[in-house]
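Below is input-v8.cif, holding mmCIF, C-alpha atoms.
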data_coords
#
loop_
_atom_site.label_atom_id
_atom_site.label_comp_id
_atom_site.auth_asym_id
_atom_site.auth_seq_id
_atom_site.Cartn_x
_atom_site.Cartn_y
_atom_site.Cartn_z
CA MET A 79 180.51 -57.36 70.82
CA ALA A 80 180.73 -57.79 74.61
CA GLU A 81 183.39 -55.84 76.49
CA LYS A 82 186.37 -57.94 77.49
CA GLY A 83 185.69 -57.71 81.23
CA SER A 84 182.14 -58.93 80.77
CA THR A 85 183.10 -62.37 79.42
CA ILE A 86 183.87 -65.38 81.62
CA LEU A 87 187.56 -65.37 80.66
CA GLY A 88 187.65 -61.57 81.04
CA LYS A 89 186.31 -61.84 84.60
CA LEU A 90 188.85 -64.58 85.38
CA GLY A 91 191.72 -62.63 83.80
CA VAL A 92 192.59 -65.41 81.34
CA ASP A 93 193.52 -64.80 77.71
CA ILE A 94 195.89 -66.14 75.04
CA GLY A 95 199.38 -66.27 76.57
CA PHE A 96 198.12 -66.94 80.13
CA LYS A 97 200.45 -69.49 81.77
CA ALA A 98 200.59 -71.79 84.76
CA THR A 99 203.49 -74.00 85.76
CA HIS A 100 203.87 -76.99 88.04
CA THR A 101 207.08 -78.71 89.14
CA LYS A 102 207.47 -82.05 90.88
CA THR A 103 210.21 -84.58 91.57
CA ILE A 104 208.95 -88.07 90.71
CA THR A 105 209.56 -90.52 93.56
CA GLU A 106 209.45 -94.28 93.93
CA ALA A 107 206.44 -93.73 96.23
CA ASP A 108 204.64 -91.90 93.39
CA ILE A 109 205.09 -94.89 91.08
CA ALA A 110 203.84 -97.32 93.75
CA ALA A 111 200.84 -95.08 94.57
CA PHE A 112 199.92 -94.57 90.92
CA ALA A 113 200.13 -98.33 90.25
CA ASN A 114 197.60 -98.87 93.04
CA VAL A 115 195.28 -96.08 91.83
CA SER A 116 195.31 -97.18 88.18
CA GLY A 117 195.97 -100.90 88.44
CA ASP A 118 198.86 -100.45 85.98
CA PHE A 119 201.55 -102.81 87.29
CA ASN A 120 203.53 -102.92 84.01
CA PRO A 121 206.85 -104.46 85.15
CA VAL A 122 208.82 -101.72 83.38
CA HIS A 123 207.55 -99.48 86.22
CA MET A 124 207.45 -101.99 89.07
CA SER A 125 210.39 -104.41 88.69
CA GLU A 126 213.95 -103.15 88.68
CA GLU A 127 215.13 -106.64 87.66
CA TYR A 128 212.86 -106.66 84.60
CA ALA A 129 213.40 -103.01 83.69
CA LYS A 130 217.19 -103.16 83.84
CA LYS A 131 217.14 -105.75 81.02
CA THR A 132 215.23 -103.33 78.77
CA PHE A 133 216.74 -100.48 76.73
CA PHE A 134 215.69 -98.11 79.53
CA GLY A 135 218.26 -99.69 81.86
CA GLY A 136 215.96 -99.39 84.88
CA ARG A 137 212.46 -98.55 86.02
CA ILE A 138 210.63 -95.64 84.41
CA ALA A 139 207.61 -93.69 85.67
CA HIS A 140 204.15 -94.27 84.21
CA GLY A 141 203.65 -91.74 81.40
CA VAL A 142 200.21 -90.97 82.81
CA ILE A 143 201.84 -89.59 85.99
CA VAL A 144 203.31 -86.83 83.80
CA ILE A 145 199.86 -86.19 82.31
CA GLY A 146 198.74 -85.75 85.93
CA LEU A 147 201.22 -82.88 86.18
CA PHE A 148 199.40 -81.21 83.21
CA SER A 149 196.17 -81.32 85.15
CA ALA A 150 197.95 -79.98 88.25
CA ALA A 151 199.15 -76.99 86.19
CA MET A 152 195.65 -76.45 84.78
CA ALA A 153 194.19 -76.66 88.30
CA LYS A 154 196.18 -73.46 89.04
CA PHE A 155 194.09 -71.57 86.49
CA PRO A 156 191.42 -69.35 88.11
CA GLY A 157 187.81 -70.47 88.44
CA LEU A 158 186.35 -73.95 88.37
CA VAL A 159 188.58 -75.79 85.88
CA ILE A 160 187.03 -78.75 84.04
CA PRO A 161 189.09 -80.58 81.39
CA HIS A 162 187.16 -81.63 78.29
CA SER A 163 189.91 -83.40 76.33
CA LEU A 164 193.65 -83.81 76.11
CA SER A 165 196.38 -85.32 74.03
CA ALA A 166 199.98 -86.16 74.88
CA ARG A 167 203.13 -87.55 73.29
CA PHE A 168 205.66 -89.44 75.40
CA LEU A 169 209.04 -88.34 74.04
CA ARG A 170 211.56 -89.46 76.66
CA PRO A 171 211.42 -91.72 79.71
CA VAL A 172 211.03 -90.21 83.19
CA LYS A 173 213.10 -91.95 85.88
CA ILE A 174 212.82 -91.98 89.65
CA GLY A 175 214.32 -88.75 90.98
CA ASP A 176 213.70 -86.71 87.82
CA THR A 177 212.22 -83.27 88.42
CA ILE A 178 209.59 -82.41 85.84
CA THR A 179 208.30 -78.91 85.13
CA VAL A 180 205.08 -78.44 83.17
CA ILE A 181 204.41 -75.14 81.47
CA ALA A 182 200.78 -74.83 80.33
CA GLU A 183 200.08 -71.84 78.10
CA VAL A 184 196.80 -70.77 76.56
CA VAL A 185 197.04 -70.84 72.76
CA LYS A 186 193.35 -70.49 71.91
CA ALA A 187 190.51 -68.95 73.89
CA ARG A 188 186.75 -68.56 73.54
CA PRO A 189 186.16 -65.88 76.18
CA GLY A 190 182.35 -65.94 76.05
CA ILE A 191 181.97 -69.63 76.91
CA GLY A 192 185.13 -69.88 79.03
CA VAL A 193 186.91 -72.49 76.90
CA VAL A 194 190.70 -72.47 76.64
CA ILE A 195 193.12 -74.68 74.74
CA ALA A 196 196.51 -74.84 76.46
CA LYS A 197 199.71 -76.27 75.09
CA ALA A 198 201.62 -78.20 77.77
CA ASN A 199 205.36 -78.82 77.65
CA CYS A 200 206.99 -81.04 80.27
CA ILE A 201 210.72 -80.54 80.73
CA ASN A 202 213.13 -82.51 82.93
CA GLN A 203 215.95 -81.15 85.10
CA SER A 204 218.33 -81.30 82.10
CA GLY A 205 216.03 -79.13 79.98
CA GLU A 206 214.89 -82.06 77.79
CA LYS A 207 211.26 -82.25 76.73
CA VAL A 208 209.83 -85.51 78.09
CA VAL A 209 206.14 -85.09 77.24
CA ASP A 210 204.20 -82.54 75.27
CA GLY A 211 200.52 -82.19 74.69
CA GLN A 212 197.46 -80.09 74.63
CA VAL A 213 194.50 -79.80 76.95
CA THR A 214 191.10 -78.22 76.38
CA CYS A 215 189.37 -76.97 79.53
CA ARG A 216 186.26 -75.04 80.31
CA LEU A 217 186.58 -72.46 83.08
CA TYR A 218 183.56 -71.45 85.12
CA LEU A 219 183.17 -68.66 87.64
CA VAL A 220 183.67 -70.24 91.09
CA PRO A 221 180.61 -71.16 93.12
CA PRO A 222 179.48 -68.32 95.45
CA MET B 272 206.54 -110.25 52.50
CA ALA B 273 207.34 -111.71 55.91
CA GLU B 274 205.16 -114.53 57.27
CA LYS B 275 202.75 -113.42 59.97
CA GLY B 276 204.47 -115.40 62.75
CA SER B 277 207.82 -113.84 61.96
CA THR B 278 206.78 -110.27 62.81
CA ILE B 279 206.90 -108.79 66.31
CA LEU B 280 203.09 -108.62 66.57
CA GLY B 281 202.80 -112.10 65.05
CA LYS B 282 205.14 -113.52 67.72
CA LEU B 283 203.13 -111.73 70.43
CA GLY B 284 199.79 -112.87 68.99
CA VAL B 285 198.48 -109.31 68.57
CA ASP B 286 196.51 -108.11 65.54
CA ILE B 287 193.59 -105.81 64.68
CA GLY B 288 190.70 -106.72 66.99
CA PHE B 289 192.96 -107.81 69.90
CA LYS B 290 191.39 -106.58 73.16
CA ALA B 291 192.28 -106.06 76.79
CA THR B 292 189.97 -104.87 79.53
CA HIS B 293 190.46 -103.43 82.98
CA THR B 294 187.83 -102.71 85.64
CA LYS B 295 188.19 -100.71 88.82
CA THR B 296 185.97 -99.06 91.42
CA ILE B 297 187.21 -95.52 92.07
CA THR B 298 187.62 -94.85 95.79
CA GLU B 299 188.10 -91.76 97.92
CA ALA B 300 191.58 -93.13 98.70
CA ASP B 301 192.38 -93.20 94.95
CA ILE B 302 191.53 -89.50 94.65
CA ALA B 303 193.66 -88.61 97.69
CA ALA B 304 196.58 -90.71 96.41
CA PHE B 305 196.40 -89.30 92.90
CA ALA B 306 196.29 -85.72 94.26
CA ASN B 307 199.54 -86.44 96.11
CA VAL B 308 201.20 -88.08 93.08
CA SER B 309 200.22 -85.34 90.63
CA GLY B 310 199.96 -82.27 92.85
CA ASP B 311 196.46 -81.67 91.43
CA PHE B 312 194.43 -80.48 94.42
CA ASN B 313 191.63 -78.93 92.33
CA PRO B 314 188.88 -78.41 94.97
CA VAL B 315 186.29 -80.07 92.72
CA HIS B 316 188.16 -83.30 93.59
CA MET B 317 189.23 -82.53 97.15
CA SER B 318 186.51 -80.48 98.86
CA GLU B 319 182.98 -81.84 99.23
CA GLU B 320 181.83 -78.40 100.44
CA TYR B 321 183.14 -76.69 97.29
CA ALA B 322 182.08 -79.45 94.90
CA LYS B 323 178.51 -79.70 96.16
CA LYS B 324 177.97 -76.05 95.09
CA THR B 325 178.98 -76.89 91.52
CA PHE B 326 176.75 -78.47 88.86
CA PHE B 327 178.38 -81.82 89.70
CA GLY B 328 176.69 -81.79 93.11
CA GLY B 329 179.70 -83.39 94.80
CA ARG B 330 183.31 -84.40 94.36
CA ILE B 331 184.39 -85.99 91.07
CA ALA B 332 187.49 -88.06 90.32
CA HIS B 333 190.43 -86.58 88.42
CA GLY B 334 189.92 -87.35 84.72
CA VAL B 335 193.55 -88.45 84.53
CA ILE B 336 192.79 -91.34 86.91
CA VAL B 337 190.55 -92.75 84.17
CA ILE B 338 193.38 -92.32 81.67
CA GLY B 339 195.45 -94.40 84.11
CA LEU B 340 192.91 -97.19 83.60
CA PHE B 341 193.69 -97.04 79.83
CA SER B 342 197.33 -97.65 80.56
CA ALA B 343 196.41 -100.48 82.94
CA ALA B 344 194.45 -102.14 80.12
CA MET B 345 197.36 -101.64 77.71
CA ALA B 346 199.76 -103.10 80.31
CA LYS B 347 197.84 -106.39 79.89
CA PHE B 348 198.97 -106.62 76.26
CA PRO B 349 201.79 -109.13 75.76
CA GLY B 350 205.43 -108.04 75.57
CA LEU B 351 207.09 -104.88 76.81
CA VAL B 352 204.37 -102.23 76.28
CA ILE B 353 205.56 -98.64 75.79
CA PRO B 354 202.99 -95.90 75.10
CA HIS B 355 204.03 -93.33 72.50
CA SER B 356 201.00 -91.03 72.55
CA LEU B 357 197.39 -90.84 73.63
CA SER B 358 194.30 -88.73 73.42
CA ALA B 359 191.17 -88.69 75.57
CA ARG B 360 187.82 -86.94 75.82
CA PHE B 361 186.12 -86.54 79.21
CA LEU B 362 182.43 -87.09 78.50
CA ARG B 363 180.84 -87.59 81.93
CA PRO B 364 182.02 -87.12 85.51
CA VAL B 365 183.26 -90.11 87.51
CA LYS B 366 182.17 -90.10 91.16
CA ILE B 367 183.51 -91.91 94.22
CA GLY B 368 182.20 -95.48 94.14
CA ASP B 369 181.74 -95.64 90.35
CA THR B 370 183.06 -98.81 88.74
CA ILE B 371 184.78 -98.08 85.45
CA THR B 372 185.56 -100.66 82.79
CA VAL B 373 188.04 -99.86 80.02
CA ILE B 374 187.96 -101.84 76.82
CA ALA B 375 191.08 -101.26 74.70
CA GLU B 376 190.89 -102.71 71.19
CA VAL B 377 193.51 -102.63 68.47
CA VAL B 378 192.20 -100.71 65.44
CA LYS B 379 195.48 -100.31 63.53
CA ALA B 380 198.63 -102.41 63.60
CA ARG B 381 202.08 -102.28 62.05
CA PRO B 382 203.20 -105.85 62.74
CA GLY B 383 206.82 -105.45 61.58
CA ILE B 384 207.70 -102.65 64.00
CA GLY B 385 205.29 -103.71 66.76
CA VAL B 386 203.20 -100.54 66.80
CA VAL B 387 199.50 -100.71 67.64
CA ILE B 388 196.80 -98.06 67.84
CA ALA B 389 194.06 -99.02 70.29
CA LYS B 390 190.73 -97.35 70.77
CA ALA B 391 189.81 -97.15 74.48
CA ASN B 392 186.25 -96.84 75.75
CA CYS B 393 185.61 -96.32 79.46
CA ILE B 394 182.12 -97.26 80.63
CA ASN B 395 180.59 -96.83 84.10
CA GLN B 396 178.38 -99.29 86.00
CA SER B 397 175.28 -97.86 84.29
CA GLY B 398 176.71 -98.51 80.82
CA GLU B 399 177.42 -94.81 80.14
CA LYS B 400 180.61 -93.85 78.34
CA VAL B 401 182.60 -91.59 80.67
CA VAL B 402 185.87 -91.26 78.72
CA ASP B 403 186.97 -92.35 75.29
CA GLY B 404 190.29 -92.09 73.61
CA GLN B 405 193.05 -93.65 71.65
CA VAL B 406 196.52 -94.82 72.58
CA THR B 407 199.48 -95.64 70.37
CA CYS B 408 201.91 -98.14 71.87
CA ARG B 409 204.97 -99.96 70.68
CA LEU B 410 205.24 -103.58 71.79
CA TYR B 411 208.64 -105.24 72.12
CA LEU B 412 209.51 -108.87 72.71
CA VAL B 413 210.14 -109.23 76.45
CA PRO B 414 213.71 -109.21 77.72
CA PRO B 415 215.24 -112.72 77.91
#
Mind turning the file's structure into structure tokens?
Amino acid sequence: MAEKGSTILGKLGVDIGFKATHTKTITEADIAAFANVSGDFNPVHMSEEYAKKTFFGGRIAHGVIVIGLFSAAMAKFPGLVIPHSLSARFLRPVKIGDTITVIAEVVKARPGIGVVIAKANCINQSGEKVVDGQVTCRLYLVPP
Amino acid sequence: MAEKGSTILGKLGVDIGFKATHTKTITEADIAAFANVSGDFNPVHMSEEYAKKTFFGGRIAHGVIVIGLFSAAMAKFPGLVIPHSLSARFLRPVKIGDTITVIAEVVKARPGIGVVIAKANCINQSGEKVVDGQVTCRLYLVPP
């Protein structure tokens, strides 16, 4: 069996329990920018008049913006970080002005090939879980 | 058993096989905007000098941008469309200038409660599948 420091994850210092976090306040500008990037102009995100008639009582952020915060947390992992797959559950709405913290923690690792599976929990400023999920990434040693 | 037209999905005209598509060319501006929205400044997206040393040979788009195209396709479904969960696999890189088409097709439906599971395939301009996945949404009759 290879010594720990000789594997890709060993060289990068990543193992089960390794964590990265990312925090961001979601702004109206974020929703407008993401609508333009994705083409998702669902009126529950874009129209206060429409959204206030729904059970949300006002506009909510695109759920995929919160998934973007996952990938921002994973981008803080060492090495060249390439996501292979992910899954997410949208548990509570995110509103304009909410501050979301993602904690991504490695729960499975294949040190030799550099693959990690991280659990991602996204919590709002009141401590409520808004999104949870899992992301599988492959880490490579950075280019010279 | 309720008549088809009396269920939520019956009223919205959605059943197994219902499809929506969304097509977008991914621009450099999209990558810059998404980096600002998400906080994901992974250099494989942001730095041509870094990315050209990787096996991609140049910058690639954030995978989550392509997931945003899923939600744009789902936003074309009738009614108030609220995603509950999703999963995605990143199969091939998306580069600046690639035109991605998402086809979202309902594969399971629970007409009474308005829940649909749609399979989403994302194809580039060469016909290659770049991302696939699945999204579960609940559809509601639109606010009066």
(message) So the first atom is atom CA of Gln212 of chain A and the second is atom CA of Asp369 of chain B; what is the distance between them in Å, to one decimal place?
(response)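 Spanning atom CA of Gln212 of chain A to atom CA of Asp369 of chain B is a straight-line distance of 27.1 Å.
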When the cut-off is 8 Å and we count all atoms listed in the file, which residues of chain A are near chain B, given as a short mmCIF file (atom, residue, chain, number, x, y, z; two decimals) with C-alpha atoms, in the coordinates of the input?
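As written to disk, iface_15.cif reads:
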data_model
loop_
_atom_site.label_atom_id
_atom_site.label_comp_id
_atom_site.auth_asym_id
_atom_site.auth_seq_id
_atom_site.Cartn_x
_atom_site.Cartn_y
_atom_site.Cartn_z
CA LYS A 102 207.47 -82.05 90.88
CA ASP A 108 204.64 -91.90 93.39
CA ALA A 111 200.84 -95.08 94.57
CA PHE A 112 199.92 -94.57 90.92
CA ASN A 114 197.60 -98.87 93.04
CA VAL A 115 195.28 -96.08 91.83
CA SER A 116 195.31 -97.18 88.18
CA GLY A 117 195.97 -100.90 88.44
CA ASP A 118 198.86 -100.45 85.98
CA PHE A 119 201.55 -102.81 87.29
CA ASN A 120 203.53 -102.92 84.01
CA VAL A 122 208.82 -101.72 83.38
CA TYR A 128 212.86 -106.66 84.60
CA LYS A 131 217.14 -105.75 81.02
CA THR A 132 215.23 -103.33 78.77
CA GLY A 141 203.65 -91.74 81.40
CA VAL A 142 200.21 -90.97 82.81
CA ILE A 143 201.84 -89.59 85.99
CA VAL A 144 203.31 -86.83 83.80
CA ILE A 145 199.86 -86.19 82.31
CA GLY A 146 198.74 -85.75 85.93
CA LEU A 147 201.22 -82.88 86.18
CA SER A 149 196.17 -81.32 85.15
CA ALA A 150 197.95 -79.98 88.25
CA ALA A 151 199.15 -76.99 86.19
CA ALA A 153 194.19 -76.66 88.30
CA LYS A 154 196.18 -73.46 89.04
CA LEU A 158 186.35 -73.95 88.37
CA VAL A 159 188.58 -75.79 85.88
CA PRO A 161 189.09 -80.58 81.39
CA HIS A 162 187.16 -81.63 78.29
CA SER A 163 189.91 -83.40 76.33
CA LEU A 164 193.65 -83.81 76.11
CA SER A 165 196.38 -85.32 74.03
CA ALA A 166 199.98 -86.16 74.88
CA ARG A 167 203.13 -87.55 73.29
CA PHE A 168 205.66 -89.44 75.40
CA LEU A 169 209.04 -88.34 74.04
CA PRO A 221 180.61 -71.16 93.12
CA PRO A 222 179.48 -68.32 95.45
#
Pose of chain A fitted onto chain B, C-alpha LSQ, given as an mmCIF file with C-alpha atoms, in the frame of the given file:
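The resulting file, out.cif, is reproduced below:
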data_model
loop_
_atom_site.group_PDB
_atom_site.id
_atom_site.type_symbol
_atom_site.label_atom_id
_atom_site.label_comp_id
_atom_site.auth_asym_id
_atom_site.auth_seq_id
_atom_site.Cartn_x
_atom_site.Cartn_y
_atom_site.Cartn_z
ATOM 1 C CA MET A 79 206.447 -110.179 52.539
ATOM 2 C CA ALA A 80 207.339 -111.689 55.933
ATOM 3 C CA GLU A 81 205.178 -114.508 57.271
ATOM 4 C CA LYS A 82 202.770 -113.408 59.970
ATOM 5 C CA GLY A 83 204.459 -115.397 62.744
ATOM 6 C CA SER A 84 207.817 -113.841 61.964
ATOM 7 C CA THR A 85 206.779 -110.267 62.817
ATOM 8 C CA ILE A 86 206.893 -108.800 66.328
ATOM 9 C CA LEU A 87 203.093 -108.618 66.574
ATOM 10 C CA GLY A 88 202.825 -112.106 65.041
ATOM 11 C CA LYS A 89 205.132 -113.523 67.727
ATOM 12 C CA LEU A 90 203.132 -111.725 70.435
ATOM 13 C CA GLY A 91 199.793 -112.857 68.984
ATOM 14 C CA VAL A 92 198.477 -109.302 68.574
ATOM 15 C CA ASP A 93 196.517 -108.115 65.547
ATOM 16 C CA ILE A 94 193.598 -105.819 64.678
ATOM 17 C CA GLY A 95 190.703 -106.727 66.987
ATOM 18 C CA PHE A 96 192.964 -107.803 69.892
ATOM 19 C CA LYS A 97 191.393 -106.577 73.155
ATOM 20 C CA ALA A 98 192.278 -106.066 76.789
ATOM 21 C CA THR A 99 189.955 -104.864 79.519
ATOM 22 C CA HIS A 100 190.463 -103.423 82.976
ATOM 23 C CA THR A 101 187.835 -102.719 85.635
ATOM 24 C CA LYS A 102 188.207 -100.710 88.822
ATOM 25 C CA THR A 103 185.974 -99.065 91.410
ATOM 26 C CA ILE A 104 187.202 -95.520 92.065
ATOM 27 C CA THR A 105 187.610 -94.846 95.790
ATOM 28 C CA GLU A 106 188.105 -91.759 97.915
ATOM 29 C CA ALA A 107 191.591 -93.139 98.688
ATOM 30 C CA ASP A 108 192.372 -93.189 94.941
ATOM 31 C CA ILE A 109 191.516 -89.494 94.638
ATOM 32 C CA ALA A 110 193.650 -88.606 97.680
ATOM 33 C CA ALA A 111 196.581 -90.723 96.406
ATOM 34 C CA PHE A 112 196.391 -89.298 92.890
ATOM 35 C CA ALA A 113 196.287 -85.724 94.249
ATOM 36 C CA ASN A 114 199.535 -86.436 96.098
ATOM 37 C CA VAL A 115 201.200 -88.082 93.073
ATOM 38 C CA SER A 116 200.224 -85.333 90.618
ATOM 39 C CA GLY A 117 199.950 -82.286 92.850
ATOM 40 C CA ASP A 118 196.457 -81.686 91.419
ATOM 41 C CA PHE A 119 194.434 -80.491 94.419
ATOM 42 C CA ASN A 120 191.623 -78.931 92.332
ATOM 43 C CA PRO A 121 188.887 -78.411 94.966
ATOM 44 C CA VAL A 122 186.295 -80.066 92.715
ATOM 45 C CA HIS A 123 188.141 -83.309 93.592
ATOM 46 C CA MET A 124 189.232 -82.529 97.146
ATOM 47 C CA SER A 125 186.497 -80.468 98.855
ATOM 48 C CA GLU A 126 182.994 -81.828 99.231
ATOM 49 C CA GLU A 127 181.843 -78.390 100.443
ATOM 50 C CA TYR A 128 183.152 -76.692 97.293
ATOM 51 C CA ALA A 129 182.101 -79.450 94.898
ATOM 52 C CA LYS A 130 178.530 -79.684 96.165
ATOM 53 C CA LYS A 131 177.979 -76.046 95.105
ATOM 54 C CA THR A 132 178.986 -76.890 91.522
ATOM 55 C CA PHE A 133 176.749 -78.472 88.865
ATOM 56 C CA PHE A 134 178.364 -81.825 89.707
ATOM 57 C CA GLY A 135 176.684 -81.799 93.129
ATOM 58 C CA GLY A 136 179.713 -83.370 94.818
ATOM 59 C CA ARG A 137 183.318 -84.392 94.355
ATOM 60 C CA ILE A 138 184.392 -85.983 91.080
ATOM 61 C CA ALA A 139 187.488 -88.063 90.305
ATOM 62 C CA HIS A 140 190.428 -86.577 88.412
ATOM 63 C CA GLY A 141 189.921 -87.349 84.711
ATOM 64 C CA VAL A 142 193.550 -88.448 84.522
ATOM 65 C CA ILE A 143 192.784 -91.335 86.920
ATOM 66 C CA VAL A 144 190.550 -92.761 84.173
ATOM 67 C CA ILE A 145 193.380 -92.319 81.657
ATOM 68 C CA GLY A 146 195.440 -94.397 84.105
ATOM 69 C CA LEU A 147 192.920 -97.198 83.597
ATOM 70 C CA PHE A 148 193.695 -97.045 79.816
ATOM 71 C CA SER A 149 197.340 -97.658 80.556
ATOM 72 C CA ALA A 150 196.411 -100.482 82.951
ATOM 73 C CA ALA A 151 194.454 -102.152 80.121
ATOM 74 C CA MET A 152 197.362 -101.658 77.706
ATOM 75 C CA ALA A 153 199.768 -103.098 80.296
ATOM 76 C CA LYS A 154 197.831 -106.389 79.891
ATOM 77 C CA PHE A 155 198.966 -106.612 76.271
ATOM 78 C CA PRO A 156 201.808 -109.130 75.757
ATOM 79 C CA GLY A 157 205.438 -108.046 75.562
ATOM 80 C CA LEU A 158 207.079 -104.883 76.806
ATOM 81 C CA VAL A 159 204.384 -102.232 76.291
ATOM 82 C CA ILE A 160 205.572 -98.641 75.797
ATOM 83 C CA PRO A 161 202.993 -95.907 75.097
ATOM 84 C CA HIS A 162 204.043 -93.323 72.518
ATOM 85 C CA SER A 163 200.994 -91.033 72.552
ATOM 86 C CA LEU A 164 197.387 -90.855 73.628
ATOM 87 C CA SER A 165 194.304 -88.730 73.430
ATOM 88 C CA ALA A 166 191.165 -88.696 75.559
ATOM 89 C CA ARG A 167 187.809 -86.948 75.824
ATOM 90 C CA PHE A 168 186.130 -86.542 79.206
ATOM 91 C CA LEU A 169 182.430 -87.084 78.499
ATOM 92 C CA ARG A 170 180.845 -87.596 81.918
ATOM 93 C CA PRO A 171 182.012 -87.128 85.503
ATOM 94 C CA VAL A 172 183.252 -90.121 87.514
ATOM 95 C CA LYS A 173 182.165 -90.095 91.170
ATOM 96 C CA ILE A 174 183.499 -91.904 94.210
ATOM 97 C CA GLY A 175 182.195 -95.474 94.138
ATOM 98 C CA ASP A 176 181.740 -95.639 90.356
ATOM 99 C CA THR A 177 183.063 -98.804 88.739
ATOM 100 C CA ILE A 178 184.784 -98.078 85.449
ATOM 101 C CA THR A 179 185.551 -100.664 82.776
ATOM 102 C CA VAL A 180 188.041 -99.861 80.022
ATOM 103 C CA ILE A 181 187.951 -101.834 76.809
ATOM 104 C CA ALA A 182 191.077 -101.264 74.693
ATOM 105 C CA GLU A 183 190.889 -102.704 71.187
ATOM 106 C CA VAL A 184 193.510 -102.623 68.466
ATOM 107 C CA VAL A 185 192.213 -100.710 65.440
ATOM 108 C CA LYS A 186 195.475 -100.313 63.526
ATOM 109 C CA ALA A 187 198.632 -102.406 63.596
ATOM 110 C CA ARG A 188 202.100 -102.284 62.055
ATOM 111 C CA PRO A 189 203.205 -105.863 62.742
ATOM 112 C CA GLY A 190 206.817 -105.456 61.589
ATOM 113 C CA ILE A 191 207.704 -102.651 64.007
ATOM 114 C CA GLY A 192 205.299 -103.719 66.768
ATOM 115 C CA VAL A 193 203.194 -100.544 66.802
ATOM 116 C CA VAL A 194 199.495 -100.723 67.647
ATOM 117 C CA ILE A 195 196.812 -98.056 67.855
ATOM 118 C CA ALA A 196 194.068 -99.023 70.306
ATOM 119 C CA LYS A 197 190.730 -97.353 70.786
ATOM 120 C CA ALA A 198 189.807 -97.145 74.482
ATOM 121 C CA ASN A 199 186.244 -96.835 75.744
ATOM 122 C CA CYS A 200 185.594 -96.324 79.454
ATOM 123 C CA ILE A 201 182.119 -97.270 80.640
ATOM 124 C CA ASN A 202 180.585 -96.829 84.101
ATOM 125 C CA GLN A 203 178.397 -99.292 86.014
ATOM 126 C CA SER A 204 175.286 -97.867 84.290
ATOM 127 C CA GLY A 205 176.722 -98.528 80.827
ATOM 128 C CA GLU A 206 177.416 -94.823 80.145
ATOM 129 C CA LYS A 207 180.603 -93.859 78.341
ATOM 130 C CA VAL A 208 182.602 -91.593 80.662
ATOM 131 C CA VAL A 209 185.859 -91.256 78.714
ATOM 132 C CA ASP A 210 186.964 -92.349 75.289
ATOM 133 C CA GLY A 211 190.293 -92.085 73.600
ATOM 134 C CA GLN A 212 193.042 -93.643 71.653
ATOM 135 C CA VAL A 213 196.506 -94.810 72.585
ATOM 136 C CA THR A 214 199.476 -95.640 70.378
ATOM 137 C CA CYS A 215 201.925 -98.142 71.867
ATOM 138 C CA ARG A 216 204.973 -99.962 70.681
ATOM 139 C CA LEU A 217 205.252 -103.587 71.782
ATOM 140 C CA TYR A 218 208.640 -105.237 72.111
ATOM 141 C CA LEU A 219 209.512 -108.867 72.702
ATOM 142 C CA VAL A 220 210.128 -109.234 76.462
ATOM 143 C CA PRO A 221 213.697 -109.202 77.722
ATOM 144 C CA PRO A 222 215.220 -112.725 77.923
#
(request) Compile the contact shell of Lys379 of chain B as a list in words: residues with an atom at most 6 Å away, counting only C-alpha atoms, same-chain residues fewer than 6 positions apart removed. (result)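 Listed by chain and then number, they are Ile287, Val387 and Ile388 of chain B.
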(request) Can you work out the spacing between atom CA of Asn202 of chain A and atom CA of Thr179 of chain A in Å, to one decimal? (result) 6.4 Å
Counting all atoms listed in the file, write as an mmCIF file with C-alpha atoms, keeping the file's coordinate frame all protein and nucleic acid residues lying at most 8 Å from (205.9, -110.3, 70.3) in the file's frame.
data_model
loop_
_atom_site.group_PDB
_atom_site.id
_atom_site.type_symbol
_atom_site.label_atom_id
_atom_site.label_comp_id
_atom_site.auth_asym_id
_atom_site.auth_seq_id
_atom_site.Cartn_x
_atom_site.Cartn_y
_atom_site.Cartn_z
ATOM 1 C CA THR B 278 206.780 -110.270 62.810
ATOM 2 C CA ILE B 279 206.900 -108.790 66.310
ATOM 3 C CA LEU B 280 203.090 -108.620 66.570
ATOM 4 C CA GLY B 281 202.800 -112.100 65.050
ATOM 5 C CA LYS B 282 205.140 -113.520 67.720
ATOM 6 C CA LEU B 283 203.130 -111.730 70.430
ATOM 7 C CA GLY B 284 199.790 -112.870 68.990
ATOM 8 C CA VAL B 285 198.480 -109.310 68.570
ATOM 9 C CA PRO B 349 201.790 -109.130 75.760
ATOM 10 C CA GLY B 350 205.430 -108.040 75.570
ATOM 11 C CA GLY B 385 205.290 -103.710 66.760
ATOM 12 C CA LEU B 410 205.240 -103.580 71.790
ATOM 13 C CA TYR B 411 208.640 -105.240 72.120
ATOM 14 C CA LEU B 412 209.510 -108.870 72.710
ATOM 15 C CA VAL B 413 210.140 -109.230 76.450
#
